[in-house]
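Note: the block below is coords_33.csv and it holds CSV, C-alpha atoms.
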chain,number,residue,atom,x,y,z
A,1,MET,CA,103.3,77.0,83.3
A,2,LEU,CA,99.9,76.0,82.2
A,3,THR,CA,99.3,72.4,83.1
A,4,ALA,CA,96.9,70.1,81.3
A,5,GLU,CA,94.4,70.6,84.1
A,6,ASP,CA,94.7,74.4,83.8
A,7,LYS,CA,94.0,74.2,80.1
A,8,LYS,CA,91.0,72.0,80.7
A,9,LEU,CA,89.6,74.4,83.3
A,10,ILE,CA,90.1,77.5,81.2
A,11,GLN,CA,88.3,75.9,78.3
A,12,GLN,CA,85.5,74.8,80.6
A,13,ILE,CA,85.0,78.2,82.1
A,14,TRP,CA,85.0,79.8,78.7
A,15,ALA,CA,82.4,77.3,77.5
A,16,LYS,CA,80.1,78.2,80.4
A,17,LEU,CA,79.8,81.8,79.1
A,18,GLY,CA,77.4,80.5,76.4
A,19,GLY,CA,77.4,83.5,74.1
A,20,ALA,CA,77.9,86.1,76.7
A,21,GLU,CA,81.5,86.6,75.8
A,22,GLU,CA,81.0,90.0,74.1
A,23,GLU,CA,79.0,91.3,77.0
A,24,ILE,CA,81.8,90.3,79.3
A,25,GLY,CA,84.4,92.0,77.1
A,26,ALA,CA,82.5,95.3,77.3
A,27,ASP,CA,81.9,94.8,81.0
A,28,ALA,CA,85.6,94.0,81.7
A,29,LEU,CA,86.8,97.1,79.7
A,30,TRP,CA,84.3,99.4,81.4
A,31,ARG,CA,85.3,98.1,84.8
A,32,MET,CA,89.0,98.6,83.9
A,33,PHE,CA,88.5,102.2,82.7
A,34,HIS,CA,86.4,103.0,85.8
A,35,SER,CA,88.7,101.3,88.4
A,36,TYR,CA,92.1,102.2,86.8
A,37,PRO,CA,91.7,105.6,85.2
A,38,PRO,CA,95.3,105.6,83.8
A,39,THR,CA,94.3,102.9,81.4
A,40,LYS,CA,92.1,105.4,79.6
A,41,THR,CA,95.2,107.2,78.4
A,42,TYR,CA,95.5,104.6,75.6
A,43,PHE,CA,92.1,105.5,74.2
A,44,PRO,CA,91.9,109.2,73.8
A,45,HIS,CA,90.1,108.7,70.5
A,46,PHE,CA,87.3,106.6,72.1
A,47,ASP,CA,83.9,107.6,73.6
A,48,LEU,CA,84.5,106.1,77.0
A,49,SER,CA,81.0,106.6,78.4
A,50,GLN,CA,79.3,103.6,79.7
A,51,GLY,CA,77.8,101.4,77.0
A,52,SER,CA,79.5,103.3,74.2
A,53,ASP,CA,79.6,101.5,70.9
A,54,GLN,CA,83.4,101.8,70.9
A,55,ILE,CA,83.8,100.1,74.2
A,56,ARG,CA,81.4,97.3,73.1
A,57,GLY,CA,83.3,97.0,69.8
A,58,HIS,CA,86.7,96.9,71.4
A,59,GLY,CA,85.5,94.5,74.1
A,60,LYS,CA,84.3,92.2,71.3
A,61,LYS,CA,87.8,92.3,69.7
A,62,VAL,CA,89.6,91.6,73.0
A,63,VAL,CA,87.4,88.6,73.7
A,64,ALA,CA,87.7,87.3,70.2
A,65,ALA,CA,91.5,87.4,70.7
A,66,LEU,CA,91.3,85.6,74.0
A,67,SER,CA,88.9,83.0,72.6
A,68,ASN,CA,91.4,82.4,69.8
A,69,ALA,CA,94.2,82.1,72.4
A,70,ILE,CA,92.1,79.6,74.4
A,71,LYS,CA,91.7,77.4,71.3
A,72,ASN,CA,95.5,77.4,70.9
A,73,LEU,CA,96.7,77.0,74.4
A,74,ASP,CA,99.5,74.7,73.3
A,75,ASN,CA,100.9,77.5,71.1
A,76,LEU,CA,100.1,80.9,72.5
A,77,SER,CA,103.2,82.5,71.0
A,78,GLN,CA,102.0,81.8,67.5
A,79,ALA,CA,98.3,82.4,68.1
A,80,LEU,CA,99.0,85.8,69.6
A,81,SER,CA,101.9,86.7,67.3
A,82,GLU,CA,100.1,89.4,65.3
A,83,LEU,CA,98.8,91.0,68.4
A,84,SER,CA,102.3,90.8,69.9
A,85,ASN,CA,103.6,92.8,67.0
A,86,LEU,CA,100.8,95.3,67.2
A,87,HIS,CA,101.3,96.0,70.9
A,88,ALA,CA,105.1,96.3,70.7
A,89,TYR,CA,105.5,98.3,67.6
A,90,ASN,CA,102.3,100.1,67.0
A,91,LEU,CA,100.3,100.6,70.1
A,92,ARG,CA,103.3,100.6,72.5
A,93,VAL,CA,101.1,100.1,75.5
A,94,ASP,CA,103.4,100.1,78.6
A,95,PRO,CA,104.8,96.6,78.8
A,96,PRO,CA,101.7,94.6,79.0
A,97,ARG,CA,102.5,93.4,82.5
A,98,PHE,CA,100.9,96.5,84.0
A,99,PRO,CA,97.7,97.3,82.1
A,100,LEU,CA,97.1,93.6,81.4
A,101,GLN,CA,97.2,93.0,85.2
A,102,PHE,CA,94.3,95.5,85.4
A,103,LEU,CA,92.4,93.9,82.5
A,104,SER,CA,93.0,90.5,84.0
A,105,GLN,CA,91.6,91.6,87.3
A,106,CYS,CA,88.5,93.2,85.7
A,107,LEU,CA,88.0,90.2,83.4
A,108,GLN,CA,88.1,87.9,86.4
A,109,VAL,CA,85.7,90.1,88.4
A,110,SER,CA,83.3,90.1,85.4
A,111,LEU,CA,83.6,86.3,85.1
A,112,ALA,CA,83.1,85.9,88.9
A,113,THR,CA,79.9,88.1,88.9
A,114,ARG,CA,78.4,85.8,86.3
A,115,LEU,CA,79.7,82.4,87.4
A,116,GLY,CA,79.5,82.8,91.2
A,117,LYS,CA,80.6,79.7,93.0
A,118,GLU,CA,81.4,78.1,89.6
A,119,TYR,CA,84.4,80.4,89.5
A,120,THR,CA,86.2,78.0,91.9
A,121,PRO,CA,89.7,78.6,93.3
A,122,GLU,CA,91.1,76.2,90.8
A,123,ALA,CA,89.4,78.0,87.9
A,124,HIS,CA,90.6,81.3,89.3
A,125,SER,CA,94.1,80.1,89.4
A,126,ALA,CA,94.0,78.7,85.9
A,127,VAL,CA,92.6,81.9,84.4
A,128,ASP,CA,95.0,84.1,86.3
A,129,LYS,CA,97.9,82.0,85.0
A,130,PHE,CA,96.5,82.2,81.5
A,131,MET,CA,96.2,86.0,81.5
A,132,SER,CA,99.7,86.1,82.8
A,133,ALA,CA,100.9,83.9,79.9
A,134,VAL,CA,99.0,86.1,77.4
A,135,ALA,CA,100.8,89.2,78.9
A,136,SER,CA,104.2,87.6,78.6
A,137,VAL,CA,103.6,86.7,74.9
A,138,LEU,CA,102.3,90.3,74.2
A,139,ALA,CA,105.5,91.6,75.8
A,140,GLU,CA,107.9,89.4,73.8
A,141,LYS,CA,108.8,91.8,71.1
A,142,TYR,CA,109.1,95.0,73.2
A,143,ARG,CA,112.8,95.1,73.1
B,1,MET,CA,94.7,111.5,104.0
B,2,VAL,CA,92.4,109.6,101.6
B,3,HIS,CA,89.1,111.2,100.8
B,4,TRP,CA,85.9,109.1,100.8
B,5,SER,CA,82.8,110.5,99.3
B,6,ALA,CA,79.4,109.7,100.8
B,7,GLU,CA,78.6,107.5,97.9
B,8,GLU,CA,81.8,105.5,98.3
B,9,LYS,CA,81.2,105.0,102.0
B,10,GLN,CA,77.7,103.8,101.2
B,11,LEU,CA,79.0,101.4,98.6
B,12,ILE,CA,81.5,100.0,101.1
B,13,ALA,CA,78.9,99.6,103.8
B,14,GLY,CA,76.4,98.1,101.5
B,15,VAL,CA,78.8,95.4,100.3
B,16,TRP,CA,80.1,94.8,103.8
B,17,ALA,CA,76.6,94.2,105.2
B,18,LYS,CA,76.2,91.3,102.7
B,19,VAL,CA,79.6,89.7,103.6
B,20,SER,CA,80.1,86.7,105.9
B,21,VAL,CA,83.4,87.6,107.4
B,22,GLU,CA,84.2,84.0,108.2
B,23,GLU,CA,83.3,82.6,104.8
B,24,CYS,CA,84.8,85.4,102.7
B,25,GLY,CA,87.9,85.6,104.8
B,26,ALA,CA,88.6,81.9,104.6
B,27,GLU,CA,87.9,81.9,100.9
B,28,ALA,CA,90.2,84.9,100.2
B,29,LEU,CA,93.1,83.5,102.1
B,30,ALA,CA,92.7,80.0,100.6
B,31,ARG,CA,92.6,81.5,97.1
B,32,LEU,CA,95.8,83.5,97.8
B,33,LEU,CA,97.6,80.3,98.7
B,34,ILE,CA,96.1,78.5,95.7
B,35,VAL,CA,96.5,81.1,93.0
B,36,TYR,CA,99.8,82.4,94.2
B,37,PRO,CA,101.4,79.3,95.7
B,38,TRP,CA,104.6,81.1,96.7
B,39,THR,CA,102.6,82.9,99.5
B,40,GLN,CA,102.5,79.5,101.3
B,41,ARG,CA,106.0,80.4,102.5
B,42,PHE,CA,104.5,82.5,105.2
B,43,PHE,CA,102.3,79.6,106.5
B,44,SER,CA,104.7,76.7,106.8
B,45,ASP,CA,103.3,75.8,110.2
B,46,PHE,CA,99.7,75.6,108.9
B,47,GLY,CA,99.8,71.8,108.1
B,48,ASN,CA,98.5,70.4,104.9
B,49,LEU,CA,98.6,72.8,102.0
B,50,SER,CA,99.3,70.2,99.4
B,51,SER,CA,96.3,70.7,97.1
B,52,PRO,CA,93.5,73.2,96.6
B,53,THR,CA,91.1,70.9,98.4
B,54,ALA,CA,93.5,70.6,101.3
B,55,ILE,CA,93.9,74.3,101.5
B,56,VAL,CA,90.2,75.1,101.3
B,57,GLY,CA,89.5,72.6,104.1
B,58,ASN,CA,92.4,73.5,106.3
B,59,PRO,CA,91.1,74.8,109.6
B,60,LYS,CA,94.1,77.0,110.3
B,61,VAL,CA,93.6,78.7,106.9
B,62,ARG,CA,89.9,79.2,107.6
B,63,ALA,CA,90.7,80.7,111.1
B,64,HIS,CA,93.4,82.9,109.9
B,65,GLY,CA,91.3,84.1,106.9
B,66,LYS,CA,88.6,85.1,109.4
B,67,LYS,CA,91.1,87.0,111.4
B,68,VAL,CA,92.4,88.9,108.4
B,69,LEU,CA,89.0,89.9,107.2
B,70,THR,CA,87.9,90.8,110.7
B,71,SER,CA,90.8,93.2,110.8
B,72,PHE,CA,89.5,94.6,107.5
B,73,GLY,CA,86.2,95.3,109.2
B,74,GLU,CA,88.2,97.5,111.6
B,75,ALA,CA,89.5,99.5,108.7
B,76,ILE,CA,86.0,100.0,107.4
B,77,LYS,CA,85.0,101.5,110.8
B,78,ASN,CA,88.0,103.8,110.6
B,79,LEU,CA,88.2,104.9,107.0
B,80,ASP,CA,89.5,108.3,108.1
B,81,ASN,CA,92.4,106.9,110.0
B,82,LEU,CA,93.7,103.9,108.2
B,83,LYS,CA,97.4,104.5,108.9
B,84,GLY,CA,96.7,104.8,112.6
B,85,THR,CA,94.5,101.7,112.6
B,86,TYR,CA,97.1,99.6,110.9
B,87,SER,CA,100.2,101.1,112.4
B,88,LYS,CA,100.9,98.1,114.8
B,89,LEU,CA,99.9,95.5,112.2
B,90,SER,CA,102.3,97.2,109.7
B,91,GLU,CA,105.2,96.9,112.1
B,92,LEU,CA,104.3,93.3,112.8
B,93,HIS,CA,104.2,92.4,109.1
B,94,CYS,CA,107.6,94.1,108.6
B,95,ASP,CA,109.6,93.2,111.7
B,96,LYS,CA,108.2,89.8,112.7
B,97,LEU,CA,106.5,88.3,109.7
B,98,HIS,CA,108.8,89.7,107.0
B,99,VAL,CA,106.0,89.9,104.4
B,100,ASP,CA,106.7,91.7,101.1
B,101,PRO,CA,104.0,94.4,100.8
B,102,GLU,CA,103.3,93.3,97.3
B,103,ASN,CA,101.4,90.4,98.8
B,104,PHE,CA,98.9,92.8,100.4
B,105,ARG,CA,98.0,94.0,96.9
B,106,LEU,CA,97.6,90.4,95.7
B,107,LEU,CA,95.3,89.6,98.6
B,108,GLY,CA,93.3,92.7,98.0
B,109,ASP,CA,92.7,91.8,94.4
B,110,ILE,CA,91.6,88.3,95.4
B,111,LEU,CA,89.2,89.7,98.0
B,112,VAL,CA,87.6,91.8,95.3
B,113,ILE,CA,87.1,88.6,93.1
B,114,VAL,CA,85.7,86.7,96.1
B,115,LEU,CA,83.2,89.5,96.7
B,116,ALA,CA,82.3,89.5,93.0
B,117,SER,CA,81.6,85.8,93.0
B,118,HIS,CA,79.4,86.1,96.1
B,119,LEU,CA,77.5,89.2,95.1
B,120,GLY,CA,77.1,88.6,91.4
B,121,ARG,CA,75.6,91.5,89.5
B,122,ASP,CA,75.2,93.4,92.7
B,123,PHE,CA,78.9,93.9,92.6
B,124,THR,CA,78.6,96.7,90.1
B,125,PRO,CA,81.5,98.5,88.4
B,126,ALA,CA,80.9,101.3,90.9
B,127,CYS,CA,81.3,98.8,93.8
B,128,GLN,CA,84.4,97.4,92.2
B,129,PHE,CA,86.0,100.9,91.8
B,130,THR,CA,85.4,101.7,95.4
B,131,TRP,CA,86.6,98.4,96.7
B,132,GLN,CA,89.7,98.4,94.6
B,133,LYS,CA,90.4,101.8,96.1
B,134,LEU,CA,89.8,100.5,99.6
B,135,VAL,CA,92.0,97.4,99.2
B,136,GLY,CA,94.7,99.6,97.7
B,137,VAL,CA,94.5,102.1,100.6
B,138,VAL,CA,94.6,99.2,103.2
B,139,ALA,CA,97.6,97.7,101.4
B,140,HIS,CA,99.3,101.1,101.5
B,141,ALA,CA,98.6,101.5,105.3
B,142,LEU,CA,99.9,98.1,106.0
B,143,ALA,CA,103.1,98.9,104.2
B,144,HIS,CA,103.5,102.3,105.8
B,145,GLU,CA,105.6,101.4,108.8
B,146,TYR,CA,108.1,99.3,106.7
B,147,HIS,CA,111.7,100.4,107.1
Could you quickly redo this structure as structure tokens?
Amino acid sequence: MLTAEDKKLIQQIWAKLGGAEEEIGADALWRMFHSYPPTKTYFPHFDLSQGSDQIRGHGKKVVAALSNAIKNLDNLSQALSELSNLHAYNLRVDPPRFPLQFLSQCLQVSLATRLGKEYTPEAHSAVDKFMSAVASVLAEKYR
Amino acid sequence: MVHWSAEEKQLIAGVWAKVSVEECGAEALARLLIVYPWTQRFFSDFGNLSSPTAIVGNPKVRAHGKKVLTSFGEAIKNLDNLKGTYSKLSELHCDKLHVDPENFRLLGDILVIVLASHLGRDFTPACQFTWQKLVGVVAHALAHEYH
């Protein structure tokens, strides 16, 4: 469960990105495709070369969704409701627990490379819990 | 047997040369206990684990973290025989310590994040790919003797 402290930490970390959110989205996606090749199977229609416009574009979308979720930490279910429908009925990505685990790992690596020591154990814990909560919401309508 | 390209070996060695085994080991173990608190069940005799600050400052956590990462160093010297290198440790974790191998994967992922925070941009996607592969293979070798 996200505590009040977790929520504060998540918002603080996100605030430190100061405009680099899109870059991080693209970086996290690229790392995910590179480190976990099976995740590419969901993007056969994409140019998956490094720096591709599609990766940048999609990274931007993912980060925008996460930013929205972070503004609505008290009601993630509602904030992510549309995305939840999309993933369950349309995209049918394997229940988000799995690929999202990889995205979570790569997003955190991306954050850690930029924030260094500021990505404290407490912040790490809060972000990990947050991504886990996002995965749960996205999986809600699967069956 | 896992195949390691020359480039992968170089990426592993390059990152390892920049690592303080004591610092990174302590930090990785502390983060495991903080981010995944249920793992504290394996360390009930470590004393004060009541808060992130307590865990980070706990001397037993630091010492054990160093031990774990030192063992990782052994793996790096024996990339072509990880199962052999970890055979005894695998038996220990199964028979005496009763650790669910899923925890090795968790620690591996945490180690990658610790490396990322220490190395910054130098921890390129290529580095991450190679190190995710390495921690995966080490986790597998540690689980190998489970029965």
For the interface of chain A with chain B (cut-off 9 Å, counting all atoms listed in the file), please tabulate each contacting residue of chain A alongside its nearest pair of atoms and their separation in Å to one decimal, rows sorted by chain and increasing number, as CSV.
residue,atom,partner,partner_atom,distance
A:Asp27,CA,B:Pro125,CA,8.3
A:Trp30,CA,B:Pro125,CA,7.6
A:Arg31,CA,B:Pro125,CA,5.2
A:Met32,CA,B:Pro125,CA,8.7
A:His34,CA,B:Phe129,CA,6.4
A:Ser35,CA,B:Phe129,CA,4.4
A:Tyr36,CA,B:Phe129,CA,8.0
A:Gln105,CA,B:Asp109,CA,7.2
A:Cys106,CA,B:Gln128,CA,8.8
A:Gln108,CA,B:Ile113,CA,6.8
A:Val109,CA,B:Ile113,CA,5.1
A:Ser110,CA,B:Ala116,CA,7.7
A:Leu111,CA,B:Ser117,CA,8.2
A:Ala112,CA,B:Ser117,CA,4.4
A:Thr113,CA,B:Gly120,CA,3.8
A:Arg114,CA,B:Gly120,CA,6.0
A:Leu115,CA,B:Ser117,CA,6.8
A:Gly116,CA,B:Ser117,CA,4.1
A:Lys117,CA,B:Ser117,CA,6.2
A:Glu118,CA,B:Ser117,CA,8.4
A:Tyr119,CA,B:Ser117,CA,7.0
A:Thr120,CA,B:Arg31,CA,9.0
A:Pro121,CA,B:Arg31,CA,5.6
A:Glu122,CA,B:Pro52,CA,7.0
A:His124,CA,B:Val35,CA,7.0
A:Ser125,CA,B:Val35,CA,4.4
A:Ala126,CA,B:Val35,CA,7.9
A:Asp128,CA,B:Val35,CA,7.5
A:Lys129,CA,B:Val35,CA,8.2
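Picture a line from atom CA of Lys40 of chain A to atom CA of Met131 of chain A; it runs 19.9 Å.
Residue nearest Ala79 of chain A within the list A:Ser132, A:Pro38, A:Val137, A:Gly18: A:Val137 [criterion: smallest interatomic distance, only C-alpha atoms].
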Residues at most 6 Å from segment 77-90 of chain B, counting only C-alpha atoms, excluding those fewer than 6 positions away in the same chain, as a CSV table (one decimal) with C-alpha atoms, in the coordinates of the input?
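result_31.csv, freshly written:
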chain,number,residue,atom,x,y,z
B,141,ALA,CA,98.6,101.5,105.3
B,142,LEU,CA,99.9,98.1,106.0
B,143,ALA,CA,103.1,98.9,104.2
B,145,GLU,CA,105.6,101.4,108.8
Nearby residues (only C-alpha atoms) at most 12 Å from Gly51 of chain A, same-chain spacing under 4 positions excluded, as a PDB file with C-alpha atoms, in the frame of the given file:
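out_19.pdb written:
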ATOM      1  CA  GLU A  23      79.000  91.300  77.000  1.00  0.00           C
ATOM      2  CA  GLY A  25      84.400  92.000  77.100  1.00  0.00           C
ATOM      3  CA  ALA A  26      82.500  95.300  77.300  1.00  0.00           C
ATOM      4  CA  ASP A  27      81.900  94.800  81.000  1.00  0.00           C
ATOM      5  CA  ALA A  28      85.600  94.000  81.700  1.00  0.00           C
ATOM      6  CA  LEU A  29      86.800  97.100  79.700  1.00  0.00           C
ATOM      7  CA  TRP A  30      84.300  99.400  81.400  1.00  0.00           C
ATOM      8  CA  ARG A  31      85.300  98.100  84.800  1.00  0.00           C
ATOM      9  CA  PHE A  46      87.300 106.600  72.100  1.00  0.00           C
ATOM     10  CA  ASP A  47      83.900 107.600  73.600  1.00  0.00           C
ATOM     11  CA  ILE A  55      83.800 100.100  74.200  1.00  0.00           C
ATOM     12  CA  ARG A  56      81.400  97.300  73.100  1.00  0.00           C
ATOM     13  CA  GLY A  57      83.300  97.000  69.800  1.00  0.00           C
ATOM     14  CA  HIS A  58      86.700  96.900  71.400  1.00  0.00           C
ATOM     15  CA  GLY A  59      85.500  94.500  74.100  1.00  0.00           C
TER      16      GLY A  59
END
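Across the model, the gap from atom CA of Ala88 of chain A to atom CA of Arg105 of chain B is 27.2 Å.
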Selection: 12 Å around segment 75-77 of chain A, all atoms listed in the file, excl. self and same-chain fewer than 5 positions, as a PyMOL selection string:
chain A and resi 1-2+7+65-70+82-85+130-141
